[in-house]
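In what follows, a single structure is set out as structure tokens and then discussed.
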Amino acid sequence: MTDLLIKSADIIGRGRQDVLVRDGRVAEIGSLSAKDAEVVDADGLVLLPGLVDLHTHLREPGREDAETVLSGTRAAAKGGYTAVCAMANSYPVADTAGVVEQVAALGRAAGYADVQPIGAVSIGLEGKRLAEIGAMAQSAAQVRMFSDDGHCVHDPVLMRRALEYVKTFDGLVAQHAEEPRLTEGAQMNEGAVSAELGLPGWPAVAEEAIIARDVLLAEYTGARVHFCHVSTARSVAIIREAKARGANVTAEVCPHHLLLTDEAARSYDPVYKVNPPLRREADIAILRAALAEGVIDAVATDHAPHAPQDKECEWAAARPGMLGLETALSISVLALGGPSAVDWDVLAERTSRTPARIAGLEAHGRDPQPGAEANFTLVDPSATWTVVPEGLASLSRNTPYAGMELPVTVQATFLRGRATVLNGKIEEEMSE
Amino acid sequence: MKHLLTTKELTREEAELILDVTEQMAEAVTGREVPKLPALRGRTVVNLFYEDSTRTRTSFETAAKRLSADVVNFAAKTSSVNKGESLRDTALTLQAMGADAVVIRHPAAGAPQRLTEWLDGAVLNAGDGTHAHPTQALLDAYTMQRRLGGVEGRTVAIVGDILHSRVARSNIWLLTKLGANVRLVGPPTLLPKDIDDWPVEIGYDLDDSLKGVDAVMMLRVQRERQNAAFFPTANEYARLYGLDERRLALMPDHAIVMHPGPMNRGMEIAASVADSPRATITEQVTNGVWVRMAVLYLLLTNGESK
């Protein structure tokens, strides 16, 4: 493999340097020149540690018409990601060592991003009996994070046992916080808009009640809990207090909860249907502040591809979820102040370093320094782009940002020194 | 007006135009030997009903036939991802058949709005989930106009299950637009959250809310709601929110009692009140035909060929 020389990249906003990559790792940083190296001119570009997504639905196995590990990781690379955590709600559910190993193997074969499977907490995501968490942890996929995402682990006994159990290997439970009785039939945020539209409401308290309970369980068991897609102002307040007490909890926020509100439901277009639902302007302001501050630890996409027939229908019949991998970086920049005001170090912390730490992905989320794996993305902070659904790398088209102009483009993504994206284009044939 | 989806999107002028044309329809047809007008001859109106509602479907069918339109009844099973044809495919089918107007009743809020994206004809909302039922509100306004001499300045109490009522949602916007004062009355469990911005008064005590009203509109309450803890028992509901003779006496003498039907006698309305001369229930049914004639006429002719 020839050496790679990235010339005059602004390293995480700290100033321009050259980065020499050899055998997939950073060899040298400074003012460099190298013969025989492939040179990437990064003048005007910001180099970030490759993004890490804690929450991706790759749909394979089971719904390969909506997304595959290959198409989903191509979308990830296009969005600047070098690692994604694949949620367990596939068909079959990732509740056995066999399924998580299959997903990990598909990721390696695709070659566009490291795929870290998340295991189910309960068999079939049914919330009744624990899945073989130990077997998944000991499998080749080395699962550390467990989640019934899409469903809440609502039984307090099951949640307690799962937390106690994952402690043995420093694992964690990623909770989809949704009290199921409070959200029966729910279609959108409960509030003024749902009252008018006549769509059954998903009350904020259904999320907050579970977060409050699980904070207490985390403290009681001494185990780690991660909260998926935190969407309300009061959830932030509960997490803030918990962290102040030293509870071992972390939280993620999705890009769509940082930008869109329940007003979008007025169109009755299910492209805006997502779980948890889009909330109010006031929630967005609190979530953005909490992300900047670090009360919310990470941005996670909840990338949820859906086939056309699951969205081109009436609202109540549509599946919840929206695409996120290719737009997350732009929206994170927007939420953190826009391309001219954003603190690139904070951006790297929330989109790469912290999520890598939460997921236990040691080779990711590392700033360029000699010896570190060369997992980077190069972004153009002064460029803008318009979201065209047909132009996305995902197999699905359910982006809520169609037609929107967003800041910041991904110019290149490197996974262990190999470009998965170069000049803004996905490299073909990554498989080794 | 291309479609009629909600009363919220109607301007006051459009609402008044519909009520004026309703009056003309009533006059043009009443007392005629053959109660039919040629206005929509050669036009096709499709009744696309995903919920059983013989009353509303028959009302629309009668209205369309009195305007000489061809009527096709398309009874459809509730669409779900796995069962039956999708709403979009049904829409494309109707489009291919050349439907000039589609009257849709659907259990999912927003289904009529989705339909407008898939077909060119006029879409008329005949009730979508708990969202809207605009022709019901228009016929209610027309009934008030006939019985009370107008809507402006009148006070209307809408009583019962506001949360699940498309009739209430449509009446709130229409009646306030036409200048009425609207009071919503019901147990807090059956009122939507966060409606402080609605242009209405909210009350929990029916006796209080009946003082000084010109009309009271009793909503149908499903007995089964007691199973989901919206109220303890049907009996307690009737005691607190049912309109009986004692409460009828609290209302001014001229005030009328309305109900969109079908009624639960003994639940939200006592049988004697339902049958009293102050109840306008059958009159509302008659007026429904005139209103639906007016709406079909306006949507399909743009008011051009009188």
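Chain lettering (A, B, ...) mirrors the order of the structure tokens, residue numbering begins at 1 for each chain separately, and ligand numbering begins at 1 in order of display.
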* To do: Taking the chain letters and numbering used in this document, name the residues of stretch 167-249 of chain B that DSSP puts in helix (DSSP H, G or I), as JSON, numbers by chain.
  => {"B": [167, 168, 169, 170, 171, 172, 173, 174, 175, 176, 177, 188, 189, 190, 206, 207, 208, 209, 223, 224, 225, 226, 227, 228, 234, 235, 236, 237, 238, 239, 240, 241, 245, 246, 247, 248, 249]}
* **Counting only C-alpha atoms, chain B residues within 8 Å of chain A, as a PyMOL selection string** => chain B and resi 79-81+86-88+108-111+113-114+129-132+163-164+166+169+192-195
Could you write out the selected residues, including C-alpha atoms, as a PDB file, in the first residue's frame?
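Once everything was written out, this is out-v5.pdb:
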ATOM      1  CA  SER B  79     -55.673  -0.345   4.398  1.00  0.00           C
ATOM      2  CA  SER B  80     -52.760  -1.637   6.345  1.00  0.00           C
ATOM      3  CA  VAL B  81     -49.320  -2.550   5.175  1.00  0.00           C
ATOM      4  CA  SER B  86     -52.642   0.669  -0.469  1.00  0.00           C
ATOM      5  CA  LEU B  87     -54.404   4.006  -0.399  1.00  0.00           C
ATOM      6  CA  ARG B  88     -52.035   5.240  -3.075  1.00  0.00           C
ATOM      7  CA  ALA B 108     -56.524   7.651   9.546  1.00  0.00           C
ATOM      8  CA  ALA B 109     -56.233  11.394  10.102  1.00  0.00           C
ATOM      9  CA  GLY B 110     -54.752  13.093   7.064  1.00  0.00           C
ATOM     10  CA  ALA B 111     -55.716  10.386   4.548  1.00  0.00           C
ATOM     11  CA  GLN B 113     -54.766  15.255   2.285  1.00  0.00           C
ATOM     12  CA  ARG B 114     -52.520  12.400   1.132  1.00  0.00           C
ATOM     13  CA  GLY B 129     -59.849   9.724  11.941  1.00  0.00           C
ATOM     14  CA  THR B 130     -60.213  12.175  14.783  1.00  0.00           C
ATOM     15  CA  HIS B 131     -59.143  15.062  12.572  1.00  0.00           C
ATOM     16  CA  ALA B 132     -61.918  16.678  10.571  1.00  0.00           C
ATOM     17  CA  LEU B 163     -60.439  14.424  22.179  1.00  0.00           C
ATOM     18  CA  HIS B 164     -61.714  11.798  19.756  1.00  0.00           C
ATOM     19  CA  ARG B 166     -63.560  15.169  14.304  1.00  0.00           C
ATOM     20  CA  ARG B 169     -62.546  19.911  15.655  1.00  0.00           C
ATOM     21  CA  PRO B 192     -56.881  17.381  24.099  1.00  0.00           C
ATOM     22  CA  LYS B 193     -53.695  18.618  25.775  1.00  0.00           C
ATOM     23  CA  ASP B 194     -52.294  22.076  25.067  1.00  0.00           C
ATOM     24  CA  ILE B 195     -55.361  23.744  23.566  1.00  0.00           C
TER      25      ILE B 195
END
* To do: For atom CA of A:Arg279 and atom CA of A:Ala242, quote the distance in Å rounded to one decimal.
  =>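 Going from atom CA of A:Arg279 over to atom CA of A:Ala242 covers 22.7 Å.
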* To do: Write out as a PyMOL selection string which residues come within 8 Å of stretch 143-145 of chain B when counting only C-alpha atoms, dropping same-chain ones fewer than 2 positions away.
  => chain B and resi 139-141+147-151+215+280+283-284+287
* To do: Name the residues in contact with B:Glu51 at a cut-off of 7 Å, using only C-alpha atoms, excluding same-chain residues fewer than 2 positions from it; report them as a PyMOL selection string.
  => chain B and resi 49+53+105-107
Generate the output file for the selected residues, C-alpha atoms, as a short mmCIF file (atom, residue, chain, number, x, y, z; two decimals), in the first residue's frame.
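Output contents, as saved in result.cif:
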data_model
loop_
_atom_site.label_atom_id
_atom_site.label_comp_id
_atom_site.auth_asym_id
_atom_site.auth_seq_id
_atom_site.Cartn_x
_atom_site.Cartn_y
_atom_site.Cartn_z
CA PHE B 49 -65.49 4.71 2.38
CA SER B 53 -71.04 4.86 7.73
CA ARG B 105 -64.08 8.55 4.79
CA HIS B 106 -60.99 7.06 6.41
CA PRO B 107 -59.97 6.03 9.93
#
I need the residues in stretch 12-250 of chain A that are strand (DSSP E) according to DSSP; give them as a short mmCIF file (atom, residue, chain, number, x, y, z; two decimals) with N, CA and C atoms, in the first residue's frame.
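Once everything was written out, this is part_38.cif:
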data_model
loop_
_atom_site.label_atom_id
_atom_site.label_comp_id
_atom_site.auth_asym_id
_atom_site.auth_seq_id
_atom_site.Cartn_x
_atom_site.Cartn_y
_atom_site.Cartn_z
N ARG A 16 -3.13 24.38 10.27
CA ARG A 16 -2.81 23.51 9.14
C ARG A 16 -1.58 22.66 9.38
N GLN A 17 -1.70 21.41 9.01
CA GLN A 17 -0.58 20.48 9.12
C GLN A 17 -0.70 19.47 7.97
N ASP A 18 0.39 18.79 7.72
CA ASP A 18 0.35 17.67 6.78
C ASP A 18 0.33 16.39 7.60
N VAL A 19 -0.36 15.39 7.07
CA VAL A 19 -0.45 14.11 7.78
C VAL A 19 0.01 13.01 6.83
N LEU A 20 1.03 12.27 7.26
CA LEU A 20 1.52 11.15 6.46
C LEU A 20 0.98 9.85 7.04
N VAL A 21 0.38 9.04 6.14
CA VAL A 21 -0.23 7.78 6.56
C VAL A 21 0.52 6.63 5.91
N ARG A 22 0.92 5.69 6.75
CA ARG A 22 1.63 4.52 6.23
C ARG A 22 1.01 3.27 6.84
N ARG A 25 -1.86 3.61 9.28
CA ARG A 25 -1.72 4.37 10.52
C ARG A 25 -1.03 5.70 10.26
N VAL A 26 -1.20 6.61 11.16
CA VAL A 26 -0.53 7.89 11.04
C VAL A 26 0.96 7.67 11.30
N ALA A 27 1.81 8.14 10.36
CA ALA A 27 3.25 7.97 10.52
C ALA A 27 3.88 9.25 11.06
N GLU A 28 3.41 10.39 10.54
CA GLU A 28 4.06 11.64 10.89
C GLU A 28 3.09 12.79 10.71
N ILE A 29 3.28 13.82 11.50
CA ILE A 29 2.48 15.03 11.34
C ILE A 29 3.43 16.20 11.35
N GLY A 30 3.16 17.20 10.51
CA GLY A 30 4.03 18.37 10.50
C GLY A 30 4.03 18.99 9.13
N GLU A 38 0.83 9.05 -2.28
CA GLU A 38 -0.36 9.61 -2.94
C GLU A 38 -0.73 10.87 -2.16
N VAL A 39 -0.84 11.99 -2.87
CA VAL A 39 -1.08 13.26 -2.17
C VAL A 39 -2.55 13.66 -2.29
N VAL A 40 -3.13 14.00 -1.17
CA VAL A 40 -4.48 14.57 -1.17
C VAL A 40 -4.37 16.01 -0.71
N ASP A 41 -4.76 16.92 -1.60
CA ASP A 41 -4.68 18.34 -1.26
C ASP A 41 -5.88 18.70 -0.38
N VAL A 46 -11.16 20.88 6.64
CA VAL A 46 -10.94 20.56 8.05
C VAL A 46 -10.86 19.04 8.18
N LEU A 47 -9.81 18.58 8.88
CA LEU A 47 -9.69 17.15 9.13
C LEU A 47 -10.30 16.83 10.49
N LEU A 48 -11.20 15.83 10.48
CA LEU A 48 -11.85 15.40 11.73
C LEU A 48 -11.59 13.91 11.91
N PRO A 49 -11.55 13.45 13.16
CA PRO A 49 -11.53 12.00 13.33
C PRO A 49 -12.81 11.43 12.71
N LEU A 51 -16.23 9.98 11.79
CA LEU A 51 -17.42 9.99 12.64
C LEU A 51 -17.81 8.57 13.05
N VAL A 52 -18.40 8.47 14.21
CA VAL A 52 -18.83 7.18 14.76
C VAL A 52 -20.31 7.28 15.10
N ASP A 53 -21.11 6.39 14.54
CA ASP A 53 -22.55 6.44 14.80
C ASP A 53 -22.95 5.35 15.78
N LEU A 54 -23.55 5.76 16.88
CA LEU A 54 -23.98 4.81 17.90
C LEU A 54 -25.30 4.15 17.56
N HIS A 55 -25.94 4.57 16.47
CA HIS A 55 -27.33 4.16 16.29
C HIS A 55 -27.70 4.13 14.81
N THR A 56 -27.44 3.00 14.17
CA THR A 56 -27.70 2.86 12.74
C THR A 56 -28.58 1.63 12.50
N TYR A 81 -18.52 9.00 8.13
CA TYR A 81 -18.39 8.00 9.19
C TYR A 81 -17.35 6.93 8.83
N THR A 82 -16.63 6.49 9.85
CA THR A 82 -15.73 5.36 9.68
C THR A 82 -16.17 4.17 10.52
N ALA A 83 -17.16 4.36 11.39
CA ALA A 83 -17.68 3.24 12.17
C ALA A 83 -19.15 3.48 12.48
N VAL A 84 -19.92 2.41 12.40
CA VAL A 84 -21.34 2.50 12.77
C VAL A 84 -21.70 1.33 13.67
N CYS A 85 -22.61 1.58 14.60
CA CYS A 85 -23.12 0.53 15.47
C CYS A 85 -24.49 0.12 14.93
N ALA A 86 -24.59 -1.15 14.56
CA ALA A 86 -25.79 -1.63 13.87
C ALA A 86 -26.82 -2.11 14.90
N ASP A 114 -16.32 0.39 9.66
CA ASP A 114 -16.37 -0.71 10.62
C ASP A 114 -17.79 -0.82 11.15
N VAL A 115 -18.28 -2.04 11.16
CA VAL A 115 -19.65 -2.27 11.63
C VAL A 115 -19.59 -3.01 12.95
N GLN A 116 -20.02 -2.34 14.00
CA GLN A 116 -20.06 -2.95 15.33
C GLN A 116 -21.50 -3.32 15.65
N PRO A 117 -21.83 -4.61 15.67
CA PRO A 117 -23.21 -4.98 15.98
C PRO A 117 -23.59 -4.66 17.42
N MET A 145 -22.51 -3.35 23.56
CA MET A 145 -23.71 -2.54 23.73
C MET A 145 -24.93 -3.39 23.38
N PHE A 146 -25.96 -3.30 24.24
CA PHE A 146 -27.17 -4.09 24.05
C PHE A 146 -28.37 -3.17 24.06
N LEU A 172 -22.93 -2.18 28.29
CA LEU A 172 -23.94 -1.19 28.62
C LEU A 172 -25.24 -1.50 27.90
N VAL A 173 -26.31 -0.95 28.45
CA VAL A 173 -27.61 -1.07 27.82
C VAL A 173 -27.98 0.28 27.23
N ALA A 174 -28.32 0.27 25.94
CA ALA A 174 -28.78 1.50 25.28
C ALA A 174 -30.31 1.45 25.28
N GLN A 175 -30.90 2.34 26.04
CA GLN A 175 -32.34 2.27 26.26
C GLN A 175 -33.11 3.16 25.29
N MET A 188 -47.52 11.07 16.97
CA MET A 188 -46.67 12.26 16.91
C MET A 188 -46.59 12.87 18.29
N ASN A 189 -45.75 13.89 18.45
CA ASN A 189 -45.63 14.56 19.74
C ASN A 189 -47.00 15.01 20.24
N GLY A 201 -51.38 11.43 20.49
CA GLY A 201 -50.14 12.05 20.95
C GLY A 201 -49.19 11.09 21.68
N TRP A 202 -47.91 11.36 21.50
CA TRP A 202 -46.80 10.65 22.18
C TRP A 202 -46.28 11.65 23.20
N ARG A 224 -23.79 0.78 33.50
CA ARG A 224 -23.86 1.87 32.54
C ARG A 224 -25.15 1.82 31.74
N VAL A 225 -25.80 2.96 31.66
CA VAL A 225 -26.97 3.08 30.79
C VAL A 225 -26.69 4.20 29.79
N HIS A 226 -27.05 3.93 28.55
CA HIS A 226 -26.97 4.96 27.51
C HIS A 226 -28.39 5.22 27.02
N PHE A 227 -28.75 6.48 26.92
CA PHE A 227 -30.10 6.80 26.45
C PHE A 227 -30.08 7.15 24.97
N VAL A 249 -24.30 7.42 33.32
CA VAL A 249 -25.23 7.47 32.20
C VAL A 249 -24.68 8.37 31.10
N THR A 250 -25.01 8.00 29.87
CA THR A 250 -24.67 8.83 28.71
C THR A 250 -25.92 8.97 27.85
#
* **Residues within 9 Å of B:Arg278, only C-alpha atoms, excluding chain neighbours under 3 positions, as a PyMOL selection string** => chain B and resi 253-258+273-275
* B:Leu4, B:Leu37, B:Leu17, B:Ile172 ranked by distance to B:Thr116, top pick (using only C-alpha atoms) ->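 Selected residue with least distance to B:Thr116: B:Leu4.
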* **Interatomic distance (Å, one decimal) between atom CA of B:Asp20 and atom CA of B:Lys177** => 15.7 Å
* Asked: Near stretch 65-68 of chain B, within 6 Å and counting only C-alpha atoms, which residues show up once chain neighbours fewer than 2 positions away are dropped, as a VMD selection string?
  -> chain B and resid 36 to 41 62 to 63
Please provide the set of residues having any atom within 9 Å of A:Val236, restricted to only C-alpha atoms, with same-chain residues fewer than 3 positions apart removed, written as a PDB file with C-alpha atoms, in the first residue's frame.
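Okay, this is what ended up in out_7.pdb:
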ATOM      1  CA  GLU A 208     -38.905  11.184  30.753  1.00  0.00           C
ATOM      2  CA  VAL A 230     -33.206  11.890  23.749  1.00  0.00           C
ATOM      3  CA  SER A 231     -35.866  14.258  22.501  1.00  0.00           C
ATOM      4  CA  THR A 232     -37.298  16.429  25.270  1.00  0.00           C
ATOM      5  CA  ALA A 233     -36.186  19.336  27.403  1.00  0.00           C
ATOM      6  CA  ILE A 239     -29.793  13.518  32.700  1.00  0.00           C
ATOM      7  CA  ARG A 240     -28.058  16.703  33.821  1.00  0.00           C
ATOM      8  CA  GLU A 241     -28.959  16.046  37.461  1.00  0.00           C
ATOM      9  CA  ALA A 251     -27.069  10.172  26.126  1.00  0.00           C
ATOM     10  CA  ILE A 286     -32.531  22.888  25.064  1.00  0.00           C
ATOM     11  CA  LEU A 287     -31.154  19.885  23.140  1.00  0.00           C
ATOM     12  CA  ALA A 290     -27.100  20.387  26.074  1.00  0.00           C
ATOM     13  CA  VAL A 295     -24.859  16.962  28.947  1.00  0.00           C
ATOM     14  CA  ILE A 296     -25.839  15.165  25.771  1.00  0.00           C
TER      15      ILE A 296
END
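Straight-line separation from atom CA of B:Pro199 to atom CA of B:Asp214: 17.8 Å.
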* Asked: So which one's closest to A:Asp36, A:Ile12, A:Val421, A:Leu58, A:Leu4? Using only C-alpha atoms, please.
  ->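 Once distances to A:Asp36 are computed over only C-alpha atoms, the minimum belongs to A:Leu4.
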